[in-house]
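Engineer: If it helps, the file is called my_file.cif and holds mmCIF, N, CA and C atoms:
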```cif
data_query
#
loop_
_atom_site.label_atom_id
_atom_site.label_comp_id
_atom_site.auth_asym_id
_atom_site.auth_seq_id
_atom_site.Cartn_x
_atom_site.Cartn_y
_atom_site.Cartn_z
N MET A 182 0.85 -1.17 0.00
CA MET A 182 0.00 0.00 0.00
C MET A 182 0.89 1.24 0.00
N GLU A 183 0.51 2.20 -0.80
CA GLU A 183 1.24 3.45 -0.85
C GLU A 183 0.65 4.43 0.16
N LEU A 184 1.52 5.09 0.88
CA LEU A 184 1.11 6.11 1.83
C LEU A 184 1.37 7.45 1.17
N LYS A 185 0.30 8.06 0.64
CA LYS A 185 0.44 9.27 -0.17
C LYS A 185 0.07 10.55 0.55
N THR A 186 -0.69 10.43 1.64
CA THR A 186 -1.13 11.63 2.34
C THR A 186 -0.68 11.59 3.80
N PHE A 187 -0.74 12.73 4.42
CA PHE A 187 -0.40 12.85 5.83
C PHE A 187 -1.26 11.89 6.66
N GLY A 188 -2.54 11.85 6.36
CA GLY A 188 -3.45 10.96 7.09
C GLY A 188 -3.12 9.49 6.90
N ASP A 189 -2.73 9.10 5.68
CA ASP A 189 -2.32 7.71 5.43
C ASP A 189 -1.16 7.34 6.35
N GLY A 190 -0.19 8.23 6.44
CA GLY A 190 0.98 7.97 7.28
C GLY A 190 0.62 7.87 8.75
N LEU A 191 -0.26 8.75 9.20
CA LEU A 191 -0.69 8.70 10.60
C LEU A 191 -1.43 7.40 10.91
N GLN A 192 -2.33 7.01 10.02
CA GLN A 192 -3.08 5.78 10.24
C GLN A 192 -2.15 4.56 10.23
N PHE A 193 -1.19 4.55 9.33
CA PHE A 193 -0.25 3.44 9.28
C PHE A 193 0.58 3.39 10.57
N GLY A 194 1.01 4.54 11.04
CA GLY A 194 1.75 4.60 12.30
C GLY A 194 0.93 4.06 13.46
N MET A 195 -0.36 4.38 13.49
CA MET A 195 -1.24 3.86 14.53
C MET A 195 -1.33 2.34 14.46
N GLU A 196 -1.38 1.80 13.25
CA GLU A 196 -1.42 0.34 13.07
C GLU A 196 -0.13 -0.30 13.59
N LEU A 197 1.02 0.29 13.24
CA LEU A 197 2.30 -0.24 13.72
C LEU A 197 2.34 -0.27 15.24
N GLU A 198 1.95 0.84 15.85
CA GLU A 198 1.98 0.91 17.31
C GLU A 198 1.00 -0.08 17.94
N SER A 199 -0.14 -0.30 17.31
CA SER A 199 -1.11 -1.27 17.84
C SER A 199 -0.51 -2.68 17.87
N VAL A 200 0.20 -3.03 16.82
CA VAL A 200 0.85 -4.35 16.77
C VAL A 200 1.89 -4.45 17.88
N LEU A 201 2.72 -3.42 18.01
CA LEU A 201 3.76 -3.44 19.04
C LEU A 201 3.16 -3.51 20.44
N ILE A 202 2.10 -2.78 20.68
CA ILE A 202 1.43 -2.81 21.99
C ILE A 202 0.98 -4.22 22.30
N ARG A 203 0.32 -4.84 21.33
CA ARG A 203 -0.20 -6.19 21.54
C ARG A 203 0.91 -7.17 21.86
N VAL A 204 2.00 -7.11 21.12
CA VAL A 204 3.10 -8.05 21.33
C VAL A 204 3.79 -7.79 22.67
N PHE A 205 4.07 -6.53 22.98
CA PHE A 205 4.72 -6.23 24.26
C PHE A 205 3.83 -6.62 25.44
N GLU A 206 2.53 -6.42 25.31
CA GLU A 206 1.63 -6.83 26.40
C GLU A 206 1.59 -8.35 26.54
N GLN A 207 1.60 -9.06 25.42
CA GLN A 207 1.67 -10.53 25.48
C GLN A 207 2.96 -10.97 26.16
N MET A 208 4.05 -10.32 25.82
CA MET A 208 5.33 -10.67 26.44
C MET A 208 5.32 -10.35 27.93
N ALA A 209 4.69 -9.25 28.31
CA ALA A 209 4.62 -8.87 29.72
C ALA A 209 3.81 -9.87 30.53
N ASN A 210 2.88 -10.55 29.87
CA ASN A 210 2.04 -11.54 30.56
C ASN A 210 2.55 -12.96 30.39
N ALA A 211 3.66 -13.12 29.68
CA ALA A 211 4.23 -14.46 29.46
C ALA A 211 5.05 -14.88 30.68
N ALA A 212 5.48 -16.11 30.65
CA ALA A 212 6.27 -16.66 31.74
C ALA A 212 7.72 -16.19 31.62
N LEU A 213 7.91 -14.91 31.87
CA LEU A 213 9.23 -14.29 31.85
C LEU A 213 9.59 -13.88 33.28
N PRO A 214 10.85 -13.66 33.56
CA PRO A 214 11.21 -13.11 34.87
C PRO A 214 10.52 -11.76 35.09
N LEU A 215 10.25 -11.44 36.34
CA LEU A 215 9.51 -10.21 36.66
C LEU A 215 10.16 -8.96 36.10
N ASP A 216 11.48 -8.88 36.14
CA ASP A 216 12.14 -7.67 35.62
C ASP A 216 11.91 -7.53 34.12
N LEU A 217 11.90 -8.63 33.38
CA LEU A 217 11.62 -8.58 31.94
C LEU A 217 10.16 -8.21 31.69
N GLN A 218 9.27 -8.73 32.50
CA GLN A 218 7.86 -8.37 32.36
C GLN A 218 7.67 -6.86 32.52
N GLU A 219 8.36 -6.27 33.49
CA GLU A 219 8.27 -4.82 33.71
C GLU A 219 8.81 -4.04 32.53
N VAL A 220 9.91 -4.50 31.95
CA VAL A 220 10.47 -3.83 30.78
C VAL A 220 9.46 -3.88 29.64
N MET A 221 8.83 -5.03 29.42
CA MET A 221 7.85 -5.18 28.34
C MET A 221 6.64 -4.27 28.58
N ARG A 222 6.22 -4.15 29.83
CA ARG A 222 5.11 -3.23 30.16
C ARG A 222 5.51 -1.78 29.86
N SER A 223 6.74 -1.43 30.20
CA SER A 223 7.17 -0.05 29.93
C SER A 223 7.25 0.21 28.43
N PHE A 224 7.68 -0.79 27.65
CA PHE A 224 7.70 -0.63 26.20
C PHE A 224 6.29 -0.49 25.64
N ALA A 225 5.37 -1.29 26.16
CA ALA A 225 3.97 -1.19 25.72
C ALA A 225 3.42 0.20 26.04
N GLN A 226 3.77 0.73 27.21
CA GLN A 226 3.30 2.06 27.60
C GLN A 226 3.86 3.13 26.67
N ALA A 227 5.13 3.00 26.29
CA ALA A 227 5.73 3.96 25.35
C ALA A 227 5.01 3.90 24.00
N CYS A 228 4.68 2.70 23.55
CA CYS A 228 3.94 2.55 22.28
C CYS A 228 2.55 3.19 22.39
N LYS A 229 1.91 3.03 23.53
CA LYS A 229 0.58 3.62 23.73
C LYS A 229 0.66 5.14 23.66
N LYS A 230 1.70 5.72 24.23
CA LYS A 230 1.86 7.18 24.18
C LYS A 230 2.05 7.66 22.74
N ARG A 231 2.87 6.93 21.99
CA ARG A 231 3.07 7.32 20.60
C ARG A 231 1.77 7.17 19.81
N LYS A 232 1.05 6.10 20.05
CA LYS A 232 -0.22 5.89 19.34
C LYS A 232 -1.22 6.99 19.69
N THR A 233 -1.29 7.35 20.95
CA THR A 233 -2.20 8.43 21.37
C THR A 233 -1.84 9.73 20.69
N TYR A 234 -0.54 10.03 20.58
CA TYR A 234 -0.11 11.23 19.88
C TYR A 234 -0.57 11.20 18.43
N LEU A 235 -0.38 10.07 17.75
CA LEU A 235 -0.80 9.94 16.35
C LEU A 235 -2.31 10.09 16.21
N GLU A 236 -3.06 9.49 17.12
CA GLU A 236 -4.53 9.60 17.08
C GLU A 236 -4.98 11.03 17.25
N THR A 237 -4.36 11.73 18.20
CA THR A 237 -4.72 13.13 18.44
C THR A 237 -4.38 13.98 17.23
N LEU A 238 -3.21 13.76 16.68
CA LEU A 238 -2.79 14.50 15.49
C LEU A 238 -3.74 14.25 14.33
N PHE A 239 -4.18 13.01 14.16
CA PHE A 239 -5.11 12.66 13.10
C PHE A 239 -6.44 13.39 13.30
N LYS A 240 -6.96 13.31 14.52
CA LYS A 240 -8.25 13.96 14.81
C LYS A 240 -8.17 15.47 14.60
N ASP A 241 -7.09 16.07 15.07
CA ASP A 241 -6.92 17.51 14.90
C ASP A 241 -6.79 17.89 13.42
N SER A 242 -6.16 17.04 12.64
CA SER A 242 -5.93 17.33 11.22
C SER A 242 -7.18 17.12 10.37
N ILE A 243 -8.12 16.34 10.85
CA ILE A 243 -9.37 16.14 10.10
C ILE A 243 -10.09 17.47 9.91
N TYR A 244 -10.00 18.32 10.90
CA TYR A 244 -10.73 19.58 10.86
C TYR A 244 -9.97 20.70 10.17
N SER A 245 -8.74 20.43 9.75
CA SER A 245 -7.97 21.42 9.01
C SER A 245 -8.43 21.45 7.56
N ASP A 246 -8.05 22.49 6.84
CA ASP A 246 -8.41 22.50 5.42
C ASP A 246 -7.55 21.48 4.67
N MET A 247 -7.90 21.25 3.43
CA MET A 247 -7.27 20.18 2.66
C MET A 247 -5.76 20.36 2.50
N ASP A 248 -5.28 21.57 2.45
CA ASP A 248 -3.85 21.80 2.25
C ASP A 248 -3.02 21.40 3.47
N THR A 249 -3.58 21.54 4.66
CA THR A 249 -2.80 21.25 5.86
C THR A 249 -3.37 20.10 6.67
N GLY A 250 -4.42 19.49 6.23
CA GLY A 250 -5.07 18.42 6.98
C GLY A 250 -4.59 17.04 6.59
N VAL A 251 -5.43 16.05 6.88
CA VAL A 251 -5.05 14.67 6.65
C VAL A 251 -4.89 14.33 5.17
N PHE A 252 -5.45 15.15 4.28
CA PHE A 252 -5.36 14.86 2.85
C PHE A 252 -4.15 15.52 2.18
N GLN A 253 -3.34 16.19 2.98
CA GLN A 253 -2.15 16.85 2.45
C GLN A 253 -1.23 15.80 1.84
N PRO A 254 -0.86 15.96 0.56
CA PRO A 254 0.06 14.99 -0.06
C PRO A 254 1.45 15.06 0.58
N ILE A 255 2.07 13.91 0.72
CA ILE A 255 3.41 13.86 1.34
C ILE A 255 4.43 13.19 0.43
N GLY A 256 4.09 12.96 -0.79
CA GLY A 256 4.97 12.16 -1.64
C GLY A 256 4.48 10.73 -1.57
N CYS A 257 5.37 9.79 -1.45
CA CYS A 257 4.93 8.41 -1.41
C CYS A 257 5.88 7.56 -0.58
N LEU A 258 5.32 6.88 0.39
CA LEU A 258 6.04 5.88 1.17
C LEU A 258 5.41 4.53 0.89
N GLN A 259 6.21 3.50 0.77
CA GLN A 259 5.69 2.16 0.55
C GLN A 259 5.56 1.45 1.90
N SER A 260 4.33 1.14 2.29
CA SER A 260 4.10 0.52 3.59
C SER A 260 4.78 -0.84 3.70
N SER A 261 5.03 -1.51 2.59
CA SER A 261 5.66 -2.83 2.63
C SER A 261 7.05 -2.79 3.26
N ARG A 262 7.70 -1.64 3.25
CA ARG A 262 9.03 -1.51 3.87
C ARG A 262 8.97 -1.54 5.39
N TYR A 263 7.78 -1.30 5.95
CA TYR A 263 7.66 -1.14 7.40
C TYR A 263 6.66 -2.12 8.03
N THR A 264 5.96 -2.89 7.23
CA THR A 264 4.87 -3.72 7.71
C THR A 264 5.37 -4.76 8.72
N LEU A 265 4.59 -4.92 9.78
CA LEU A 265 4.85 -5.92 10.80
C LEU A 265 3.73 -6.95 10.73
N ASP A 266 4.06 -8.18 10.39
CA ASP A 266 3.04 -9.23 10.29
C ASP A 266 3.16 -10.15 11.49
N TRP A 267 2.37 -9.87 12.49
CA TRP A 267 2.45 -10.59 13.76
C TRP A 267 1.12 -11.21 14.14
N ASN A 268 0.32 -11.60 13.18
CA ASN A 268 -0.99 -12.17 13.50
C ASN A 268 -0.88 -13.47 14.28
N ASP A 269 0.13 -14.27 13.98
CA ASP A 269 0.28 -15.56 14.65
C ASP A 269 1.51 -15.59 15.54
N ILE A 270 1.65 -14.55 16.34
CA ILE A 270 2.83 -14.43 17.20
C ILE A 270 2.84 -15.54 18.25
N GLN A 271 4.00 -16.09 18.46
CA GLN A 271 4.18 -17.11 19.49
C GLN A 271 5.15 -16.56 20.53
N VAL A 272 4.61 -15.97 21.57
CA VAL A 272 5.44 -15.38 22.61
C VAL A 272 6.22 -16.46 23.35
N ALA A 273 5.73 -17.67 23.33
CA ALA A 273 6.41 -18.76 24.05
C ALA A 273 7.82 -18.99 23.50
N ALA A 274 8.04 -18.65 22.25
CA ALA A 274 9.37 -18.82 21.65
C ALA A 274 10.21 -17.60 21.98
N VAL A 275 10.55 -17.45 23.25
CA VAL A 275 11.19 -16.25 23.75
C VAL A 275 12.50 -15.91 23.03
N PRO A 276 13.43 -16.85 22.81
CA PRO A 276 14.67 -16.43 22.14
C PRO A 276 14.42 -15.76 20.78
N GLY A 277 13.52 -16.32 20.00
CA GLY A 277 13.22 -15.74 18.69
C GLY A 277 12.42 -14.46 18.77
N ILE A 278 11.64 -14.31 19.81
CA ILE A 278 10.79 -13.13 19.92
C ILE A 278 11.62 -11.86 20.08
N PHE A 279 12.74 -11.93 20.80
CA PHE A 279 13.57 -10.75 20.98
C PHE A 279 14.14 -10.28 19.64
N GLU A 280 14.58 -11.23 18.82
CA GLU A 280 15.11 -10.89 17.50
C GLU A 280 14.02 -10.25 16.64
N ASN A 281 12.82 -10.84 16.65
CA ASN A 281 11.71 -10.29 15.87
C ASN A 281 11.28 -8.92 16.38
N MET A 282 11.31 -8.71 17.68
CA MET A 282 10.94 -7.41 18.23
C MET A 282 11.98 -6.35 17.89
N MET A 283 13.25 -6.73 17.88
CA MET A 283 14.28 -5.77 17.46
C MET A 283 14.04 -5.33 16.02
N ILE A 284 13.72 -6.28 15.16
CA ILE A 284 13.44 -5.96 13.76
C ILE A 284 12.21 -5.06 13.66
N ALA A 285 11.17 -5.39 14.44
CA ALA A 285 9.94 -4.59 14.42
C ALA A 285 10.21 -3.16 14.88
N GLU A 286 11.00 -3.00 15.93
CA GLU A 286 11.32 -1.66 16.43
C GLU A 286 12.15 -0.89 15.39
N GLU A 287 13.08 -1.58 14.74
CA GLU A 287 13.90 -0.92 13.72
C GLU A 287 13.04 -0.48 12.53
N LYS A 288 12.10 -1.32 12.11
CA LYS A 288 11.20 -0.94 11.00
C LYS A 288 10.34 0.25 11.39
N THR A 289 9.85 0.24 12.62
CA THR A 289 9.00 1.34 13.09
C THR A 289 9.81 2.63 13.14
N GLY A 290 11.02 2.56 13.63
CA GLY A 290 11.89 3.73 13.66
C GLY A 290 12.20 4.25 12.26
N ARG A 291 12.45 3.33 11.34
CA ARG A 291 12.70 3.72 9.94
C ARG A 291 11.47 4.42 9.37
N PHE A 292 10.28 3.90 9.69
CA PHE A 292 9.04 4.54 9.21
C PHE A 292 8.96 5.98 9.72
N TYR A 293 9.18 6.18 11.02
CA TYR A 293 9.09 7.53 11.57
C TYR A 293 10.11 8.47 10.95
N ASN A 294 11.33 7.99 10.74
CA ASN A 294 12.35 8.84 10.10
C ASN A 294 11.97 9.18 8.66
N ASP A 295 11.50 8.18 7.90
CA ASP A 295 11.11 8.43 6.51
C ASP A 295 9.88 9.34 6.43
N PHE A 296 8.94 9.14 7.32
CA PHE A 296 7.73 9.98 7.36
C PHE A 296 8.13 11.42 7.70
N ALA A 297 9.03 11.57 8.67
CA ALA A 297 9.50 12.91 9.04
C ALA A 297 10.16 13.61 7.85
N ALA A 298 10.94 12.88 7.08
CA ALA A 298 11.60 13.46 5.91
C ALA A 298 10.58 13.93 4.87
N GLN A 299 9.47 13.18 4.74
CA GLN A 299 8.44 13.54 3.77
C GLN A 299 7.67 14.79 4.16
N ILE A 300 7.49 15.04 5.46
CA ILE A 300 6.66 16.16 5.89
C ILE A 300 7.45 17.36 6.41
N LYS A 301 8.76 17.23 6.48
CA LYS A 301 9.59 18.27 7.11
C LYS A 301 9.34 19.67 6.55
N SER A 302 9.23 19.79 5.25
CA SER A 302 9.08 21.12 4.66
C SER A 302 7.74 21.77 5.00
N GLN A 303 6.68 20.96 5.19
CA GLN A 303 5.37 21.52 5.50
C GLN A 303 5.09 21.56 7.01
N ARG A 304 5.62 20.60 7.75
CA ARG A 304 5.29 20.47 9.17
C ARG A 304 6.55 20.14 9.97
N ASN A 305 7.41 21.09 10.09
CA ASN A 305 8.71 20.85 10.71
C ASN A 305 8.59 20.40 12.17
N ALA A 306 7.72 21.02 12.95
CA ALA A 306 7.60 20.65 14.36
C ALA A 306 7.15 19.20 14.52
N ILE A 307 6.23 18.78 13.67
CA ILE A 307 5.76 17.39 13.73
C ILE A 307 6.86 16.45 13.26
N ALA A 308 7.61 16.86 12.25
CA ALA A 308 8.73 16.04 11.78
C ALA A 308 9.76 15.84 12.89
N LEU A 309 10.02 16.87 13.65
CA LEU A 309 10.95 16.75 14.78
C LEU A 309 10.43 15.76 15.81
N ARG A 310 9.14 15.81 16.05
CA ARG A 310 8.53 14.85 17.00
C ARG A 310 8.63 13.43 16.47
N PHE A 311 8.44 13.23 15.17
CA PHE A 311 8.59 11.89 14.58
C PHE A 311 10.03 11.40 14.70
N ARG A 312 10.98 12.28 14.54
CA ARG A 312 12.39 11.89 14.71
C ARG A 312 12.66 11.44 16.15
N LYS A 313 12.04 12.14 17.09
CA LYS A 313 12.16 11.75 18.50
C LYS A 313 11.52 10.38 18.72
N MET A 314 10.39 10.14 18.09
CA MET A 314 9.73 8.83 18.20
C MET A 314 10.62 7.74 17.60
N ALA A 315 11.32 8.05 16.51
CA ALA A 315 12.25 7.10 15.91
C ALA A 315 13.39 6.80 16.88
N GLU A 316 13.86 7.81 17.58
CA GLU A 316 14.92 7.60 18.57
C GLU A 316 14.43 6.71 19.71
N GLU A 317 13.18 6.90 20.13
CA GLU A 317 12.62 6.06 21.19
C GLU A 317 12.58 4.60 20.76
N THR A 318 12.15 4.35 19.53
CA THR A 318 12.08 2.96 19.07
C THR A 318 13.49 2.38 18.93
N ALA A 319 14.46 3.20 18.53
CA ALA A 319 15.85 2.73 18.44
C ALA A 319 16.37 2.36 19.83
N HIS A 320 16.01 3.16 20.82
CA HIS A 320 16.42 2.87 22.20
C HIS A 320 15.80 1.55 22.67
N GLN A 321 14.53 1.33 22.34
CA GLN A 321 13.87 0.09 22.72
C GLN A 321 14.52 -1.10 22.01
N ALA A 322 14.87 -0.95 20.75
CA ALA A 322 15.54 -2.03 20.01
C ALA A 322 16.89 -2.35 20.65
N LEU A 323 17.63 -1.33 21.06
CA LEU A 323 18.91 -1.55 21.72
C LEU A 323 18.72 -2.27 23.05
N LYS A 324 17.72 -1.87 23.79
CA LYS A 324 17.44 -2.53 25.08
C LYS A 324 17.07 -3.99 24.85
N LEU A 325 16.27 -4.27 23.81
CA LEU A 325 15.93 -5.66 23.49
C LEU A 325 17.18 -6.47 23.15
N LYS A 326 18.09 -5.85 22.44
CA LYS A 326 19.35 -6.54 22.08
C LYS A 326 20.14 -6.87 23.34
N GLU A 327 20.21 -5.92 24.27
CA GLU A 327 20.91 -6.15 25.53
C GLU A 327 20.25 -7.28 26.32
N LEU A 328 18.91 -7.29 26.35
CA LEU A 328 18.18 -8.33 27.08
C LEU A 328 18.40 -9.70 26.44
N LYS A 329 18.45 -9.73 25.12
CA LYS A 329 18.67 -10.98 24.41
C LYS A 329 20.03 -11.56 24.74
N LEU A 330 21.03 -10.68 24.82
CA LEU A 330 22.40 -11.13 25.09
C LEU A 330 22.61 -11.52 26.55
N ALA A 331 21.78 -10.99 27.43
CA ALA A 331 21.96 -11.28 28.86
C ALA A 331 21.54 -12.69 29.24
#
```
Show the structure stored in the file as structure tokens.

Structural biologist:
Amino acid sequence: MELKTFGDGLQFGMELESVLIRVFEQMANAALPLDLQEVMRSFAQACKKRKTYLETLFKDSIYSDMDTGVFQPIGCLQSSRYTLDWNDIQVAAVPGIFENMMIAEEKTGRFYNDFAAQIKSQRNAIALRFRKMAEETAHQALKLKELKLA
């Protein structure tokens, strides 16, 4: 799917965060050590905050005019570069789940960076926020790597 408008990008970001929330919450409820469960809960909470921001931005942009609202063209991003297919996630396979979550966080971060690049000229403040969101996902990916190695 091509993401051609600001609204398309926001909706896709909400979908990515929903997948991450679901997986992190499943991991937090899995048979993991308590400290790992807490880390997974904190990651899920960070994803919820990002999703809430995207939802608010989408709702606020609906009421803007076409030039600055959700229908504002942003060029084109290919969602296939960032898609997370986790419908049949098996949290029980803990060693593999950390690797898959690192990949998911990296894809999500890449999406936010690419989205920020597409909107920077029209919405610089929002682009800066997306770059910060990309940094957050990179931090989570690094933490997952550390946990995997421990």

Engineer: Let me know the residues the PyMOL selection byres ((chain A and resi 183-197) around 5) catches in the file above, as a list in words.

Structural biologist: Met182, Glu198, Ser199, Val200, Leu201, Val251, Phe252, Gln253, Pro254, Ile255, Gly256, Cys257, Leu258, Gln259 and Ser260 of chain A

Engineer: Would you output that residue set with N, CA and C atoms, as a compact mmCIF listing (two decimals), keeping the file's coordinate frame?

Structural biologist:
```txt
# COMPACT_ATOMS: atom_id res chain seq x y z
N MET A 182 0.85 -1.17 0.00
CA MET A 182 0.00 0.00 0.00
C MET A 182 0.89 1.24 0.00
N GLU A 198 1.95 0.84 15.85
CA GLU A 198 1.98 0.91 17.31
C GLU A 198 1.00 -0.08 17.94
N SER A 199 -0.14 -0.30 17.31
CA SER A 199 -1.11 -1.27 17.84
C SER A 199 -0.51 -2.68 17.87
N VAL A 200 0.20 -3.03 16.82
CA VAL A 200 0.85 -4.35 16.77
C VAL A 200 1.89 -4.45 17.88
N LEU A 201 2.72 -3.42 18.01
CA LEU A 201 3.76 -3.44 19.04
C LEU A 201 3.16 -3.51 20.44
N VAL A 251 -5.43 16.05 6.88
CA VAL A 251 -5.05 14.67 6.65
C VAL A 251 -4.89 14.33 5.17
N PHE A 252 -5.45 15.15 4.28
CA PHE A 252 -5.36 14.86 2.85
C PHE A 252 -4.15 15.52 2.18
N GLN A 253 -3.34 16.19 2.98
CA GLN A 253 -2.15 16.85 2.45
C GLN A 253 -1.23 15.80 1.84
N PRO A 254 -0.86 15.96 0.56
CA PRO A 254 0.06 14.99 -0.06
C PRO A 254 1.45 15.06 0.58
N ILE A 255 2.07 13.91 0.72
CA ILE A 255 3.41 13.86 1.34
C ILE A 255 4.43 13.19 0.43
N GLY A 256 4.09 12.96 -0.79
CA GLY A 256 4.97 12.16 -1.64
C GLY A 256 4.48 10.73 -1.57
N CYS A 257 5.37 9.79 -1.45
CA CYS A 257 4.93 8.41 -1.41
C CYS A 257 5.88 7.56 -0.58
N LEU A 258 5.32 6.88 0.39
CA LEU A 258 6.04 5.88 1.17
C LEU A 258 5.41 4.53 0.89
N GLN A 259 6.21 3.50 0.77
CA GLN A 259 5.69 2.16 0.55
C GLN A 259 5.56 1.45 1.90
N SER A 260 4.33 1.14 2.29
CA SER A 260 4.10 0.52 3.59
C SER A 260 4.78 -0.84 3.70
```

Engineer: Could you spell out the hits of the PyMOL selection byres (((chain A and resi 287-299 and name CA) around 8) and name CA) on the shown file, as an mmCIF file with N, CA and C atoms, keeping the file's coordinate frame?

Structural biologist:
```cif
data_model
loop_
_atom_site.group_PDB
_atom_site.id
_atom_site.type_symbol
_atom_site.label_atom_id
_atom_site.label_comp_id
_atom_site.auth_asym_id
_atom_site.auth_seq_id
_atom_site.Cartn_x
_atom_site.Cartn_y
_atom_site.Cartn_z
ATOM 1 N N GLY A 190 -0.190 8.230 6.440
ATOM 2 C CA GLY A 190 0.980 7.970 7.280
ATOM 3 C C GLY A 190 0.620 7.870 8.750
ATOM 4 N N GLY A 194 1.010 4.540 11.040
ATOM 5 C CA GLY A 194 1.750 4.600 12.300
ATOM 6 C C GLY A 194 0.930 4.060 13.460
ATOM 7 N N LEU A 197 1.020 0.290 13.240
ATOM 8 C CA LEU A 197 2.300 -0.240 13.720
ATOM 9 C C LEU A 197 2.340 -0.270 15.240
ATOM 10 N N ILE A 255 2.070 13.910 0.720
ATOM 11 C CA ILE A 255 3.410 13.860 1.340
ATOM 12 C C ILE A 255 4.430 13.190 0.430
ATOM 13 N N GLY A 256 4.090 12.960 -0.790
ATOM 14 C CA GLY A 256 4.970 12.160 -1.640
ATOM 15 C C GLY A 256 4.480 10.730 -1.570
ATOM 16 N N LEU A 258 5.320 6.880 0.390
ATOM 17 C CA LEU A 258 6.040 5.880 1.170
ATOM 18 C C LEU A 258 5.410 4.530 0.890
ATOM 19 N N ARG A 262 7.700 -1.640 3.250
ATOM 20 C CA ARG A 262 9.030 -1.510 3.870
ATOM 21 C C ARG A 262 8.970 -1.540 5.390
ATOM 22 N N TYR A 263 7.780 -1.300 5.950
ATOM 23 C CA TYR A 263 7.660 -1.140 7.400
ATOM 24 C C TYR A 263 6.660 -2.120 8.030
ATOM 25 N N THR A 264 5.960 -2.890 7.230
ATOM 26 C CA THR A 264 4.870 -3.720 7.710
ATOM 27 C C THR A 264 5.370 -4.760 8.720
ATOM 28 N N MET A 283 13.250 -6.730 17.880
ATOM 29 C CA MET A 283 14.280 -5.770 17.460
ATOM 30 C C MET A 283 14.040 -5.330 16.020
ATOM 31 N N ILE A 284 13.720 -6.280 15.160
ATOM 32 C CA ILE A 284 13.440 -5.960 13.760
ATOM 33 C C ILE A 284 12.210 -5.060 13.660
ATOM 34 N N ALA A 285 11.170 -5.390 14.440
ATOM 35 C CA ALA A 285 9.940 -4.590 14.420
ATOM 36 C C ALA A 285 10.210 -3.160 14.880
ATOM 37 N N GLU A 286 11.000 -3.000 15.930
ATOM 38 C CA GLU A 286 11.320 -1.660 16.430
ATOM 39 C C GLU A 286 12.150 -0.890 15.390
ATOM 40 N N ILE A 300 7.490 15.040 5.460
ATOM 41 C CA ILE A 300 6.660 16.160 5.890
ATOM 42 C C ILE A 300 7.450 17.360 6.410
ATOM 43 N N LYS A 301 8.760 17.230 6.480
ATOM 44 C CA LYS A 301 9.590 18.270 7.110
ATOM 45 C C LYS A 301 9.340 19.670 6.550
ATOM 46 N N SER A 302 9.230 19.790 5.250
ATOM 47 C CA SER A 302 9.080 21.120 4.660
ATOM 48 C C SER A 302 7.740 21.770 5.000
ATOM 49 N N ILE A 307 6.230 18.780 13.670
ATOM 50 C CA ILE A 307 5.760 17.390 13.730
ATOM 51 C C ILE A 307 6.860 16.450 13.260
ATOM 52 N N ALA A 308 7.610 16.860 12.250
ATOM 53 C CA ALA A 308 8.730 16.040 11.780
ATOM 54 C C ALA A 308 9.760 15.840 12.890
ATOM 55 N N LEU A 309 10.020 16.870 13.650
ATOM 56 C CA LEU A 309 10.950 16.750 14.780
ATOM 57 C C LEU A 309 10.430 15.760 15.810
ATOM 58 N N PHE A 311 8.440 13.230 15.170
ATOM 59 C CA PHE A 311 8.590 11.890 14.580
ATOM 60 C C PHE A 311 10.030 11.400 14.700
ATOM 61 N N ARG A 312 10.980 12.280 14.540
ATOM 62 C CA ARG A 312 12.390 11.890 14.710
ATOM 63 C C ARG A 312 12.660 11.440 16.150
ATOM 64 N N MET A 314 10.390 10.140 18.090
ATOM 65 C CA MET A 314 9.730 8.830 18.200
ATOM 66 C C MET A 314 10.620 7.740 17.600
ATOM 67 N N ALA A 315 11.320 8.050 16.510
ATOM 68 C CA ALA A 315 12.250 7.100 15.910
ATOM 69 C C ALA A 315 13.390 6.800 16.880
ATOM 70 N N GLU A 316 13.860 7.810 17.580
ATOM 71 C CA GLU A 316 14.920 7.600 18.570
ATOM 72 C C GLU A 316 14.430 6.710 19.710
ATOM 73 N N GLU A 317 13.180 6.900 20.130
ATOM 74 C CA GLU A 317 12.620 6.060 21.190
ATOM 75 C C GLU A 317 12.580 4.600 20.760
ATOM 76 N N THR A 318 12.150 4.350 19.530
ATOM 77 C CA THR A 318 12.080 2.960 19.070
ATOM 78 C C THR A 318 13.490 2.380 18.930
ATOM 79 N N ALA A 319 14.460 3.200 18.530
ATOM 80 C CA ALA A 319 15.850 2.730 18.440
ATOM 81 C C ALA A 319 16.370 2.360 19.830
ATOM 82 N N ALA A 322 14.870 -0.950 20.750
ATOM 83 C CA ALA A 322 15.540 -2.030 20.010
ATOM 84 C C ALA A 322 16.890 -2.350 20.650
#
```

Engineer: Would you pick out the contacts of range 221-238 of chain A at 6 Å or less, using only N, CA and C atoms, so that residues sharing its chain but fewer than 2 positions from it are not included, and give the list as a list in words?

Structural biologist: Leu191, Met195, Glu198, Leu201, Ile202, Phe205, Glu206, Met208, Ala209, Leu217, Gln218, Glu219, Lys240, Asp241, Ser242 and Ile243 of chain A

Engineer: If you run DSSP on the backbone, which residues of chain A are helix (DSSP H, G or I), as a PyMOL selection string?

Structural biologist: chain A and resi 187-209+215-243+260-262+275-300+305-330

Engineer: Work out how far apart atom C of Thr249 in chain A and atom C of Leu265 in chain A are and give it in Å to one decimal.

Structural biologist: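 That distance, rounded to one decimal, is 28.3 Å.
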
Engineer: What separation in Å, quoted to one decimal, exists between CA of Asp216 in chain A and CA of Leu328 in chain A?

Structural biologist: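 For CA of Asp216 in chain A relative to CA of Leu328 in chain A, the distance reads 10.5 Å.
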
Engineer: What's the separation between CA of Ala306 in chain A and atom N of Ser245 in chain A, in Å to one decimal place?

Structural biologist: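 Between CA of Ala306 in chain A and atom N of Ser245 in chain A the gap works out to 17.0 Å.
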
Engineer: Identify all residues of range 182-324 of chain A in strand (DSSP E or B) (DSSP on the backbone) and supply them as a PyMOL selection string.

Structural biologist: chain A and resi 183-186+254-259

Engineer: Measuring between only C-alpha atoms, which one of A:Asn281, A:Arg304, A:Leu213, A:Gln207 shows the shortest distance to Gly250 in chain A?

Structural biologist: A:Arg304
